[in-house]
>>> print(open('my_file.pdb').read())   # PDB, C-alpha atoms
ATOM      1  CA  MET P   1     -11.132  -4.940 -15.514  1.00  0.00           C
ATOM      2  CA  GLU P   2      -7.517  -5.415 -16.525  1.00  0.00           C
ATOM      3  CA  ILE P   3      -6.051  -8.709 -15.330  1.00  0.00           C
ATOM      4  CA  ASN P   4      -2.325  -7.954 -15.359  1.00  0.00           C
ATOM      5  CA  ILE P   5      -1.121 -11.197 -13.908  1.00  0.00           C
ATOM      6  CA  GLU P   6       2.217 -12.962 -14.026  1.00  0.00           C
ATOM      7  CA  PRO P   7       2.211 -16.164 -16.187  1.00  0.00           C
ATOM      8  CA  THR P   8       2.610 -18.711 -13.360  1.00  0.00           C
ATOM      9  CA  TRP P   9      -0.441 -17.217 -11.655  1.00  0.00           C
ATOM     10  CA  LYS P  10      -2.435 -17.194 -14.889  1.00  0.00           C
ATOM     11  CA  GLU P  11      -1.902 -20.923 -15.247  1.00  0.00           C
ATOM     12  CA  ILE P  12      -2.698 -21.750 -11.610  1.00  0.00           C
ATOM     13  CA  LEU P  13      -5.832 -19.582 -11.490  1.00  0.00           C
ATOM     14  CA  GLN P  14      -7.223 -20.308 -14.951  1.00  0.00           C
ATOM     15  CA  THR P  15     -10.055 -22.490 -13.628  1.00  0.00           C
ATOM     16  CA  GLU P  16     -10.934 -19.775 -11.085  1.00  0.00           C
ATOM     17  CA  PHE P  17     -11.189 -17.151 -13.835  1.00  0.00           C
ATOM     18  CA  GLU P  18     -13.686 -19.415 -15.613  1.00  0.00           C
ATOM     19  CA  GLN P  19     -16.040 -19.747 -12.622  1.00  0.00           C
ATOM     20  CA  PRO P  20     -19.474 -18.063 -12.847  1.00  0.00           C
ATOM     21  CA  TYR P  21     -18.828 -16.003  -9.696  1.00  0.00           C
ATOM     22  CA  PHE P  22     -15.705 -14.517 -11.287  1.00  0.00           C
ATOM     23  CA  HIS P  23     -17.616 -13.405 -14.390  1.00  0.00           C
ATOM     24  CA  PHE P  24     -20.155 -11.731 -12.091  1.00  0.00           C
ATOM     25  CA  LEU P  25     -17.292 -10.089 -10.171  1.00  0.00           C
ATOM     26  CA  VAL P  26     -15.642  -8.750 -13.341  1.00  0.00           C
ATOM     27  CA  ASN P  27     -18.926  -7.214 -14.472  1.00  0.00           C
ATOM     28  CA  PHE P  28     -19.528  -5.704 -11.037  1.00  0.00           C
ATOM     29  CA  VAL P  29     -16.042  -4.143 -10.928  1.00  0.00           C
ATOM     30  CA  LYS P  30     -16.300  -2.769 -14.481  1.00  0.00           C
ATOM     31  CA  ASP P  31     -19.652  -1.196 -13.633  1.00  0.00           C
ATOM     32  CA  GLU P  32     -18.332   0.302 -10.391  1.00  0.00           C
ATOM     33  CA  TYR P  33     -15.275   1.807 -12.089  1.00  0.00           C
ATOM     34  CA  ALA P  34     -17.481   3.236 -14.860  1.00  0.00           C
ATOM     35  CA  LYS P  35     -19.940   4.880 -12.453  1.00  0.00           C
ATOM     36  CA  ASN P  36     -17.825   5.767  -9.400  1.00  0.00           C
ATOM     37  CA  THR P  37     -14.314   6.689  -8.379  1.00  0.00           C
ATOM     38  CA  CYS P  38     -12.702   3.432  -7.282  1.00  0.00           C
ATOM     39  CA  PHE P  39      -9.252   2.367  -6.127  1.00  0.00           C
ATOM     40  CA  PRO P  40      -6.687   1.201  -7.010  1.00  0.00           C
ATOM     41  CA  LYS P  41      -6.308   2.183 -10.656  1.00  0.00           C
ATOM     42  CA  GLY P  42      -7.506  -0.588 -12.953  1.00  0.00           C
ATOM     43  CA  LYS P  43      -3.988  -1.499 -14.049  1.00  0.00           C
ATOM     44  CA  ASN P  44      -2.982  -2.026 -10.387  1.00  0.00           C
ATOM     45  CA  ILE P  45      -5.849  -4.251  -9.216  1.00  0.00           C
ATOM     46  CA  PHE P  46      -3.677  -7.361  -9.606  1.00  0.00           C
ATOM     47  CA  LYS P  47      -0.351  -5.669  -8.757  1.00  0.00           C
ATOM     48  CA  ALA P  48       0.425  -8.208  -5.988  1.00  0.00           C
ATOM     49  CA  PHE P  49       0.146 -11.027  -8.536  1.00  0.00           C
ATOM     50  CA  GLU P  50       2.252  -9.095 -11.027  1.00  0.00           C
ATOM     51  CA  LEU P  51       5.176  -8.484  -8.630  1.00  0.00           C
ATOM     52  CA  THR P  52       5.224 -11.815  -6.770  1.00  0.00           C
ATOM     53  CA  PRO P  53       5.159 -14.913  -9.003  1.00  0.00           C
ATOM     54  CA  PHE P  54       3.575 -18.002  -7.460  1.00  0.00           C
ATOM     55  CA  ASP P  55       6.846 -19.939  -7.439  1.00  0.00           C
ATOM     56  CA  LYS P  56       8.663 -17.086  -5.630  1.00  0.00           C
ATOM     57  CA  ILE P  57       6.277 -16.752  -2.659  1.00  0.00           C
ATOM     58  CA  LYS P  58       7.966 -16.995   0.742  1.00  0.00           C
ATOM     59  CA  VAL P  59       5.545 -14.928   2.834  1.00  0.00           C
ATOM     60  CA  VAL P  60       1.838 -14.080   2.576  1.00  0.00           C
ATOM     61  CA  LEU P  61       0.809 -10.856   4.320  1.00  0.00           C
ATOM     62  CA  LEU P  62      -2.953 -10.529   4.317  1.00  0.00           C
ATOM     63  CA  GLY P  63      -4.901  -7.277   4.384  1.00  0.00           C
ATOM     64  CA  GLN P  64      -8.630  -6.719   4.176  1.00  0.00           C
ATOM     65  CA  ASP P  65      -9.519  -3.756   1.930  1.00  0.00           C
ATOM     66  CA  PRO P  66      -7.494  -1.392  -0.256  1.00  0.00           C
ATOM     67  CA  TYR P  67      -6.955   2.101   1.151  1.00  0.00           C
ATOM     68  CA  HIS P  68      -9.926   4.223   0.078  1.00  0.00           C
ATOM     69  CA  GLY P  69      -8.287   7.678   0.144  1.00  0.00           C
ATOM     70  CA  VAL P  70      -7.152   9.430  -3.043  1.00  0.00           C
ATOM     71  CA  GLY P  71      -3.701   8.327  -4.229  1.00  0.00           C
ATOM     72  CA  GLN P  72      -3.144   5.700  -1.530  1.00  0.00           C
ATOM     73  CA  ALA P  73      -4.098   2.261  -2.912  1.00  0.00           C
ATOM     74  CA  MET P  74      -1.600   0.640  -5.265  1.00  0.00           C
ATOM     75  CA  GLY P  75      -2.670  -3.011  -5.310  1.00  0.00           C
ATOM     76  CA  LEU P  76      -0.400  -4.156  -2.467  1.00  0.00           C
ATOM     77  CA  CYS P  77      -1.829  -4.427   1.038  1.00  0.00           C
ATOM     78  CA  PHE P  78      -0.610  -1.795   3.502  1.00  0.00           C
ATOM     79  CA  SER P  79       1.536  -0.150   0.787  1.00  0.00           C
ATOM     80  CA  VAL P  80       1.262   3.403  -0.581  1.00  0.00           C
ATOM     81  CA  PRO P  81       3.100   4.997  -3.526  1.00  0.00           C
ATOM     82  CA  GLU P  82       6.342   6.882  -2.980  1.00  0.00           C
ATOM     83  CA  GLY P  83       5.714  10.324  -1.509  1.00  0.00           C
ATOM     84  CA  VAL P  84       2.255   9.547  -0.094  1.00  0.00           C
ATOM     85  CA  ALA P  85       1.798  10.140   3.644  1.00  0.00           C
ATOM     86  CA  TYR P  86       1.785   6.931   5.674  1.00  0.00           C
ATOM     87  CA  PRO P  87      -1.694   5.802   6.757  1.00  0.00           C
ATOM     88  CA  PRO P  88      -1.870   5.027  10.508  1.00  0.00           C
ATOM     89  CA  SER P  89      -1.559   1.230  10.144  1.00  0.00           C
ATOM     90  CA  LEU P  90       1.498   1.547   7.909  1.00  0.00           C
ATOM     91  CA  ASN P  91       3.013   4.010  10.360  1.00  0.00           C
ATOM     92  CA  ASN P  92       2.667   1.405  13.109  1.00  0.00           C
ATOM     93  CA  ILE P  93       4.121  -1.326  10.868  1.00  0.00           C
ATOM     94  CA  ILE P  94       7.164   0.889  10.304  1.00  0.00           C
ATOM     95  CA  LYS P  95       7.518   1.525  14.051  1.00  0.00           C
ATOM     96  CA  GLU P  96       7.433  -2.220  14.763  1.00  0.00           C
ATOM     97  CA  LEU P  97       9.891  -2.892  11.924  1.00  0.00           C
ATOM     98  CA  LYS P  98      12.353  -0.427  13.465  1.00  0.00           C
ATOM     99  CA  ASP P  99      11.918  -1.914  16.928  1.00  0.00           C
ATOM    100  CA  ASP P 100      12.147  -5.497  15.667  1.00  0.00           C
ATOM    101  CA  THR P 101      15.008  -5.234  13.168  1.00  0.00           C
ATOM    102  CA  GLY P 102      16.596  -1.810  13.644  1.00  0.00           C
ATOM    103  CA  ARG P 103      15.727  -1.112  10.007  1.00  0.00           C
ATOM    104  CA  ASP P 104      13.684   1.759   8.638  1.00  0.00           C
ATOM    105  CA  LEU P 105      11.717   2.437   5.461  1.00  0.00           C
ATOM    106  CA  SER P 106      12.502   5.408   3.253  1.00  0.00           C
ATOM    107  CA  SER P 107       9.071   5.163   1.593  1.00  0.00           C
ATOM    108  CA  GLY P 108       5.675   3.589   2.147  1.00  0.00           C
ATOM    109  CA  ASP P 109       5.998   1.734  -1.176  1.00  0.00           C
ATOM    110  CA  LEU P 110       6.421  -1.927  -0.233  1.00  0.00           C
ATOM    111  CA  SER P 111       7.074  -3.124  -3.794  1.00  0.00           C
ATOM    112  CA  PHE P 112      10.585  -4.169  -2.767  1.00  0.00           C
ATOM    113  CA  TRP P 113       9.031  -6.621  -0.286  1.00  0.00           C
ATOM    114  CA  ALA P 114       6.792  -8.002  -3.040  1.00  0.00           C
ATOM    115  CA  LYS P 115       9.756  -8.500  -5.372  1.00  0.00           C
ATOM    116  CA  GLN P 116      11.494 -10.588  -2.683  1.00  0.00           C
ATOM    117  CA  GLY P 117       8.560 -12.981  -2.343  1.00  0.00           C
ATOM    118  CA  VAL P 118       6.253 -11.233   0.139  1.00  0.00           C
ATOM    119  CA  PHE P 119       2.785 -11.634  -1.379  1.00  0.00           C
ATOM    120  CA  LEU P 120       0.880  -8.522  -0.253  1.00  0.00           C
ATOM    121  CA  LEU P 121      -2.705  -9.681  -0.708  1.00  0.00           C
ATOM    122  CA  ASN P 122      -5.886  -7.843   0.215  1.00  0.00           C
ATOM    123  CA  ALA P 123      -8.934 -10.079   0.666  1.00  0.00           C
ATOM    124  CA  THR P 124     -10.896  -7.550  -1.413  1.00  0.00           C
ATOM    125  CA  LEU P 125      -8.935  -6.079  -4.323  1.00  0.00           C
ATOM    126  CA  THR P 126     -11.041  -2.990  -5.068  1.00  0.00           C
ATOM    127  CA  VAL P 127     -12.989  -0.333  -3.164  1.00  0.00           C
ATOM    128  CA  ARG P 128     -15.132   2.713  -3.877  1.00  0.00           C
ATOM    129  CA  ALA P 129     -13.488   6.035  -2.908  1.00  0.00           C
ATOM    130  CA  HIS P 130     -13.989   6.950   0.748  1.00  0.00           C
ATOM    131  CA  GLU P 131     -16.272   3.935   1.371  1.00  0.00           C
ATOM    132  CA  ALA P 132     -14.421   1.237   3.294  1.00  0.00           C
ATOM    133  CA  GLY P 133     -15.747  -2.247   2.593  1.00  0.00           C
ATOM    134  CA  SER P 134     -17.883  -1.121  -0.344  1.00  0.00           C
ATOM    135  CA  HIS P 135     -16.745  -4.003  -2.590  1.00  0.00           C
ATOM    136  CA  GLN P 136     -16.941  -6.748   0.017  1.00  0.00           C
ATOM    137  CA  ASN P 137     -19.195  -9.776  -0.488  1.00  0.00           C
ATOM    138  CA  ARG P 138     -19.208  -9.429  -4.283  1.00  0.00           C
ATOM    139  CA  GLY P 139     -16.870 -12.327  -5.057  1.00  0.00           C
ATOM    140  CA  TRP P 140     -13.427 -11.032  -4.215  1.00  0.00           C
ATOM    141  CA  GLU P 141     -13.256 -13.051  -0.987  1.00  0.00           C
ATOM    142  CA  THR P 142     -14.168 -16.256  -2.851  1.00  0.00           C
ATOM    143  CA  PHE P 143     -11.319 -15.540  -5.262  1.00  0.00           C
ATOM    144  CA  THR P 144      -8.700 -14.620  -2.655  1.00  0.00           C
ATOM    145  CA  ASP P 145      -9.674 -17.577  -0.438  1.00  0.00           C
ATOM    146  CA  ALA P 146      -9.040 -19.805  -3.458  1.00  0.00           C
ATOM    147  CA  VAL P 147      -5.656 -18.105  -3.915  1.00  0.00           C
ATOM    148  CA  ILE P 148      -4.702 -18.680  -0.260  1.00  0.00           C
ATOM    149  CA  LYS P 149      -5.783 -22.314  -0.502  1.00  0.00           C
ATOM    150  CA  LYS P 150      -3.706 -22.825  -3.693  1.00  0.00           C
ATOM    151  CA  ILE P 151      -0.640 -21.453  -1.917  1.00  0.00           C
ATOM    152  CA  SER P 152      -1.308 -23.647   1.119  1.00  0.00           C
ATOM    153  CA  ASP P 153      -1.940 -26.808  -0.943  1.00  0.00           C
ATOM    154  CA  GLU P 154       0.800 -26.495  -3.546  1.00  0.00           C
ATOM    155  CA  LYS P 155       3.673 -24.940  -1.595  1.00  0.00           C
ATOM    156  CA  GLU P 156       5.409 -25.596   1.709  1.00  0.00           C
ATOM    157  CA  ASN P 157       7.300 -23.567   4.312  1.00  0.00           C
ATOM    158  CA  VAL P 158       5.409 -20.346   3.543  1.00  0.00           C
ATOM    159  CA  VAL P 159       5.044 -17.808   6.361  1.00  0.00           C
ATOM    160  CA  PHE P 160       1.475 -16.497   6.687  1.00  0.00           C
ATOM    161  CA  ILE P 161       1.271 -13.214   8.617  1.00  0.00           C
ATOM    162  CA  LEU P 162      -2.258 -12.739   9.930  1.00  0.00           C
ATOM    163  CA  TRP P 163      -2.891  -9.400  11.648  1.00  0.00           C
ATOM    164  CA  GLY P 164      -6.301  -8.917  13.247  1.00  0.00           C
ATOM    165  CA  ASN P 165      -9.423 -11.053  13.525  1.00  0.00           C
ATOM    166  CA  TYR P 166     -10.367 -10.823   9.862  1.00  0.00           C
ATOM    167  CA  ALA P 167      -7.038 -12.174   8.614  1.00  0.00           C
ATOM    168  CA  GLN P 168      -6.936 -14.828  11.339  1.00  0.00           C
ATOM    169  CA  GLN P 169     -10.200 -16.314  10.073  1.00  0.00           C
ATOM    170  CA  LYS P 170      -8.202 -17.455   7.018  1.00  0.00           C
ATOM    171  CA  GLU P 171      -6.117 -19.829   9.148  1.00  0.00           C
ATOM    172  CA  LYS P 172      -8.794 -22.497   8.634  1.00  0.00           C
ATOM    173  CA  ILE P 173      -7.889 -22.758   4.918  1.00  0.00           C
ATOM    174  CA  ILE P 174      -4.135 -22.985   5.586  1.00  0.00           C
ATOM    175  CA  ASN P 175      -2.342 -26.275   6.251  1.00  0.00           C
ATOM    176  CA  THR P 176      -0.611 -25.329   9.494  1.00  0.00           C
ATOM    177  CA  SER P 177       1.402 -28.552   9.558  1.00  0.00           C
ATOM    178  CA  LYS P 178       3.565 -27.445   6.622  1.00  0.00           C
ATOM    179  CA  HIS P 179       3.404 -23.646   6.880  1.00  0.00           C
ATOM    180  CA  PHE P 180       4.274 -21.149   9.627  1.00  0.00           C
ATOM    181  CA  ILE P 181       1.571 -18.827  10.991  1.00  0.00           C
ATOM    182  CA  ILE P 182       2.380 -15.514  12.695  1.00  0.00           C
ATOM    183  CA  LYS P 183      -0.624 -13.907  14.400  1.00  0.00           C
ATOM    184  CA  SER P 184      -1.220 -10.713  16.340  1.00  0.00           C
ATOM    185  CA  VAL P 185      -3.776  -7.955  16.645  1.00  0.00           C
ATOM    186  CA  HIS P 186      -4.056  -5.536  13.727  1.00  0.00           C
ATOM    187  CA  PRO P 187      -1.526  -2.673  13.431  1.00  0.00           C
ATOM    188  CA  SER P 188      -4.301  -0.066  13.360  1.00  0.00           C
ATOM    189  CA  PRO P 189      -4.155   2.599  16.105  1.00  0.00           C
ATOM    190  CA  LEU P 190      -7.268   1.023  17.656  1.00  0.00           C
ATOM    191  CA  SER P 191      -5.454  -2.204  18.506  1.00  0.00           C
ATOM    192  CA  ALA P 192      -1.685  -1.900  17.945  1.00  0.00           C
ATOM    193  CA  HIS P 193      -0.927  -1.335  21.639  1.00  0.00           C
ATOM    194  CA  ARG P 194      -2.765  -4.541  22.554  1.00  0.00           C
ATOM    195  CA  GLY P 195      -0.135  -6.872  21.115  1.00  0.00           C
ATOM    196  CA  PHE P 196       1.034  -5.716  17.701  1.00  0.00           C
ATOM    197  CA  PHE P 197       3.899  -3.676  19.110  1.00  0.00           C
ATOM    198  CA  GLY P 198       6.525  -6.102  20.352  1.00  0.00           C
ATOM    199  CA  SER P 199       5.194  -9.028  18.290  1.00  0.00           C
ATOM    200  CA  LYS P 200       8.369  -9.086  16.126  1.00  0.00           C
ATOM    201  CA  PRO P 201       6.806 -10.514  12.945  1.00  0.00           C
ATOM    202  CA  PHE P 202       9.737  -9.566  10.722  1.00  0.00           C
ATOM    203  CA  SER P 203      12.483 -11.305  12.681  1.00  0.00           C
ATOM    204  CA  LYS P 204      10.173 -14.277  13.362  1.00  0.00           C
ATOM    205  CA  THR P 205       9.663 -14.653   9.611  1.00  0.00           C
ATOM    206  CA  ASN P 206      13.387 -14.737   8.875  1.00  0.00           C
ATOM    207  CA  ASN P 207      14.087 -17.014  11.849  1.00  0.00           C
ATOM    208  CA  PHE P 208      11.726 -19.523  10.227  1.00  0.00           C
ATOM    209  CA  LEU P 209      13.043 -19.127   6.650  1.00  0.00           C
ATOM    210  CA  ILE P 210      16.794 -19.216   7.292  1.00  0.00           C
ATOM    211  CA  PRO P 211      17.014 -22.748   8.825  1.00  0.00           C
ATOM    212  CA  LYS P 212      14.970 -24.011   5.867  1.00  0.00           C
ATOM    213  CA  GLY P 213      17.657 -22.727   3.501  1.00  0.00           C
ATOM    214  CA  ILE P 214      15.354 -19.985   2.190  1.00  0.00           C
ATOM    215  CA  GLU P 215      16.815 -16.535   1.528  1.00  0.00           C
ATOM    216  CA  PRO P 216      15.542 -14.185   4.265  1.00  0.00           C
ATOM    217  CA  ILE P 217      13.551 -11.040   3.519  1.00  0.00           C
ATOM    218  CA  HIS P 218      15.403  -7.709   3.605  1.00  0.00           C
ATOM    219  CA  TRP P 219      12.659  -5.745   5.326  1.00  0.00           C
ATOM    220  CA  GLY P 220      14.251  -2.317   5.586  1.00  0.00           C
ATOM    221  CA  ASN P 221      16.311   0.057   3.516  1.00  0.00           C
TER     222      ASN P 221
END
>>> encode(input="my_file.pdb", output="structure tokens")
Amino acid sequence: MEINIEPTWKEILQTEFEQPYFHFLVNFVKDEYAKNTCFPKGKNIFKAFELTPFDKIKVVLLGQDPYHGVGQAMGLCFSVPEGVAYPPSLNNIIKELKDDTGRDLSSGDLSFWAKQGVFLLNATLTVRAHEAGSHQNRGWETFTDAVIKKISDEKENVVFILWGNYAQQKEKIINTSKHFIIKSVHPSPLSAHRGFFGSKPFSKTNNFLIPKGIEPIHWGN
């Protein structure tokens, strides 16, 4: 497993990489990639950490699993490479973005969010093709919980966007007295009409950042 990770992250997570569970996880992922088709590509597993240095984080957007269809997962939650059809959840995110900010997206590649300080983290960083949840409970959640806790403990005034019950369970490891939590149902077609549409997460994020003297996120093209 390739750990392409930006230097500030490498330093902060060094003790995590040395934990026994992480060695087990690395071996599990290597074995899975050797025997099965898995996503994202090995070089993109840590793409979120590569594009958003620890000291640049303004927003944490939490997903659950990488997309498990061919060509979709790219190591950033909810994001797909340029030219790939939008999965249903991303389609609904784009609809809400347009309604909330008047802005649109010309592509489903959210790298430009990541480069502005939006940390696009999936709780599980790998998945077997066409098998949602196939790499859950193997150590990834222990790792990403540690990452969330590091951000909560060592930074302040970060916006955590928690869509759906799974993401909202992570609130218990976030210091809500010094960070801002935005919660709604998940943008998937199963739930989006029950409170995701109209929740205005993008403008709420910037309305929190701007008074703190933090450069707002340019969400659309």
>>> resolve_selection(input="my_file.pdb", expression="the PyMOL selection byres ((chain P and resi 196-211) around 12)", output="ChimeraX atom specification")
/P:57-61,89,91-103,113,117-118,156-164,178-195,212-220
>>> write_last_selection(input="my_file.pdb", atoms="C-alpha atoms", output="PDB file, keeping the file's coordinate frame")
ATOM      1  CA  ILE P  57       6.277 -16.752  -2.659  1.00  0.00           C
ATOM      2  CA  LYS P  58       7.966 -16.995   0.742  1.00  0.00           C
ATOM      3  CA  VAL P  59       5.545 -14.928   2.834  1.00  0.00           C
ATOM      4  CA  VAL P  60       1.838 -14.080   2.576  1.00  0.00           C
ATOM      5  CA  LEU P  61       0.809 -10.856   4.320  1.00  0.00           C
ATOM      6  CA  SER P  89      -1.559   1.230  10.144  1.00  0.00           C
ATOM      7  CA  ASN P  91       3.013   4.010  10.360  1.00  0.00           C
ATOM      8  CA  ASN P  92       2.667   1.405  13.109  1.00  0.00           C
ATOM      9  CA  ILE P  93       4.121  -1.326  10.868  1.00  0.00           C
ATOM     10  CA  ILE P  94       7.164   0.889  10.304  1.00  0.00           C
ATOM     11  CA  LYS P  95       7.518   1.525  14.051  1.00  0.00           C
ATOM     12  CA  GLU P  96       7.433  -2.220  14.763  1.00  0.00           C
ATOM     13  CA  LEU P  97       9.891  -2.892  11.924  1.00  0.00           C
ATOM     14  CA  LYS P  98      12.353  -0.427  13.465  1.00  0.00           C
ATOM     15  CA  ASP P  99      11.918  -1.914  16.928  1.00  0.00           C
ATOM     16  CA  ASP P 100      12.147  -5.497  15.667  1.00  0.00           C
ATOM     17  CA  THR P 101      15.008  -5.234  13.168  1.00  0.00           C
ATOM     18  CA  GLY P 102      16.596  -1.810  13.644  1.00  0.00           C
ATOM     19  CA  ARG P 103      15.727  -1.112  10.007  1.00  0.00           C
ATOM     20  CA  TRP P 113       9.031  -6.621  -0.286  1.00  0.00           C
ATOM     21  CA  GLY P 117       8.560 -12.981  -2.343  1.00  0.00           C
ATOM     22  CA  VAL P 118       6.253 -11.233   0.139  1.00  0.00           C
ATOM     23  CA  GLU P 156       5.409 -25.596   1.709  1.00  0.00           C
ATOM     24  CA  ASN P 157       7.300 -23.567   4.312  1.00  0.00           C
ATOM     25  CA  VAL P 158       5.409 -20.346   3.543  1.00  0.00           C
ATOM     26  CA  VAL P 159       5.044 -17.808   6.361  1.00  0.00           C
ATOM     27  CA  PHE P 160       1.475 -16.497   6.687  1.00  0.00           C
ATOM     28  CA  ILE P 161       1.271 -13.214   8.617  1.00  0.00           C
ATOM     29  CA  LEU P 162      -2.258 -12.739   9.930  1.00  0.00           C
ATOM     30  CA  TRP P 163      -2.891  -9.400  11.648  1.00  0.00           C
ATOM     31  CA  GLY P 164      -6.301  -8.917  13.247  1.00  0.00           C
ATOM     32  CA  LYS P 178       3.565 -27.445   6.622  1.00  0.00           C
ATOM     33  CA  HIS P 179       3.404 -23.646   6.880  1.00  0.00           C
ATOM     34  CA  PHE P 180       4.274 -21.149   9.627  1.00  0.00           C
ATOM     35  CA  ILE P 181       1.571 -18.827  10.991  1.00  0.00           C
ATOM     36  CA  ILE P 182       2.380 -15.514  12.695  1.00  0.00           C
ATOM     37  CA  LYS P 183      -0.624 -13.907  14.400  1.00  0.00           C
ATOM     38  CA  SER P 184      -1.220 -10.713  16.340  1.00  0.00           C
ATOM     39  CA  VAL P 185      -3.776  -7.955  16.645  1.00  0.00           C
ATOM     40  CA  HIS P 186      -4.056  -5.536  13.727  1.00  0.00           C
ATOM     41  CA  PRO P 187      -1.526  -2.673  13.431  1.00  0.00           C
ATOM     42  CA  SER P 188      -4.301  -0.066  13.360  1.00  0.00           C
ATOM     43  CA  PRO P 189      -4.155   2.599  16.105  1.00  0.00           C
ATOM     44  CA  LEU P 190      -7.268   1.023  17.656  1.00  0.00           C
ATOM     45  CA  SER P 191      -5.454  -2.204  18.506  1.00  0.00           C
ATOM     46  CA  ALA P 192      -1.685  -1.900  17.945  1.00  0.00           C
ATOM     47  CA  HIS P 193      -0.927  -1.335  21.639  1.00  0.00           C
ATOM     48  CA  ARG P 194      -2.765  -4.541  22.554  1.00  0.00           C
ATOM     49  CA  GLY P 195      -0.135  -6.872  21.115  1.00  0.00           C
ATOM     50  CA  LYS P 212      14.970 -24.011   5.867  1.00  0.00           C
ATOM     51  CA  GLY P 213      17.657 -22.727   3.501  1.00  0.00           C
ATOM     52  CA  ILE P 214      15.354 -19.985   2.190  1.00  0.00           C
ATOM     53  CA  GLU P 215      16.815 -16.535   1.528  1.00  0.00           C
ATOM     54  CA  PRO P 216      15.542 -14.185   4.265  1.00  0.00           C
ATOM     55  CA  ILE P 217      13.551 -11.040   3.519  1.00  0.00           C
ATOM     56  CA  HIS P 218      15.403  -7.709   3.605  1.00  0.00           C
ATOM     57  CA  TRP P 219      12.659  -5.745   5.326  1.00  0.00           C
ATOM     58  CA  GLY P 220      14.251  -2.317   5.586  1.00  0.00           C
TER      59      GLY P 220
END
>>> resolve_selection(input="my_file.pdb", expression="the PyMOL selection byres ((chain P and resi 154) around 12)", output="MDAnalysis selection string")
chainID P and resid 12 54:55 57 146:153 155:158 174:175 178:179
>>> resolve_selection(input="my_file.pdb", expression="the PyMOL selection byres ((chain P and resi 37) around 6)", output="list in words")
Asn36, Cys38 and Ala129 of chain P
>>> atom_distance(input="my_file.pdb", atom1="CA of Tyr67 (chain P)", atom2="CA of Gly83 (chain P)")
15.3 Å
>>> atom_distance(input="my_file.pdb", atom1="CA of Pro40 (chain P)", atom2="CA of Ala123 (chain P)")
13.8 Å
>>> closest_residue(input="my_file.pdb", among="P:Gly63, P:Lys43, P:His68, P:Leu13", to="Tyr166 (chain P)", atoms="only C-alpha atoms")
P:Gly63
>>> residues_around(input="my_file.pdb", residues="Ser106 (chain P)", least_positions_apart="3", cutoff="9 Å", atoms="only C-alpha atoms", output="ChimeraX atom specification")
/P:82,109,220-221
>>> closest_residue(input="my_file.pdb", among="P:Gln116, P:Thr126, P:Ser79, P:Thr144", to="Val29 (chain P)", atoms="all atoms listed in the file")
P:Thr126
>>> closest_residue(input="my_file.pdb", among="P:Ser134, P:Gln64, P:Gln14, P:Thr8", to="Asn122 (chain P)", atoms="only C-alpha atoms")
P:Gln64
>>> axis_aligned_box(input="my_file.pdb", around="region 31-43 of chain P", padding_each_side="5 Å", output="JSON")
{"center_x": -12.0, "center_y": 2.6, "center_z": -10.5, "size_x": 26.0, "size_y": 18.2, "size_z": 18.7}
>>> closest_residue(input="my_file.pdb", among="P:Phe46, P:Phe119, P:Trp9, P:Phe112", to="Met74 (chain P)", atoms="all atoms listed in the file")
P:Phe46
>>> atom_distance(input="my_file.pdb", atom1="CA of Pro53 (chain P)", atom2="CA of Asn4 (chain P)")
12.0 Å
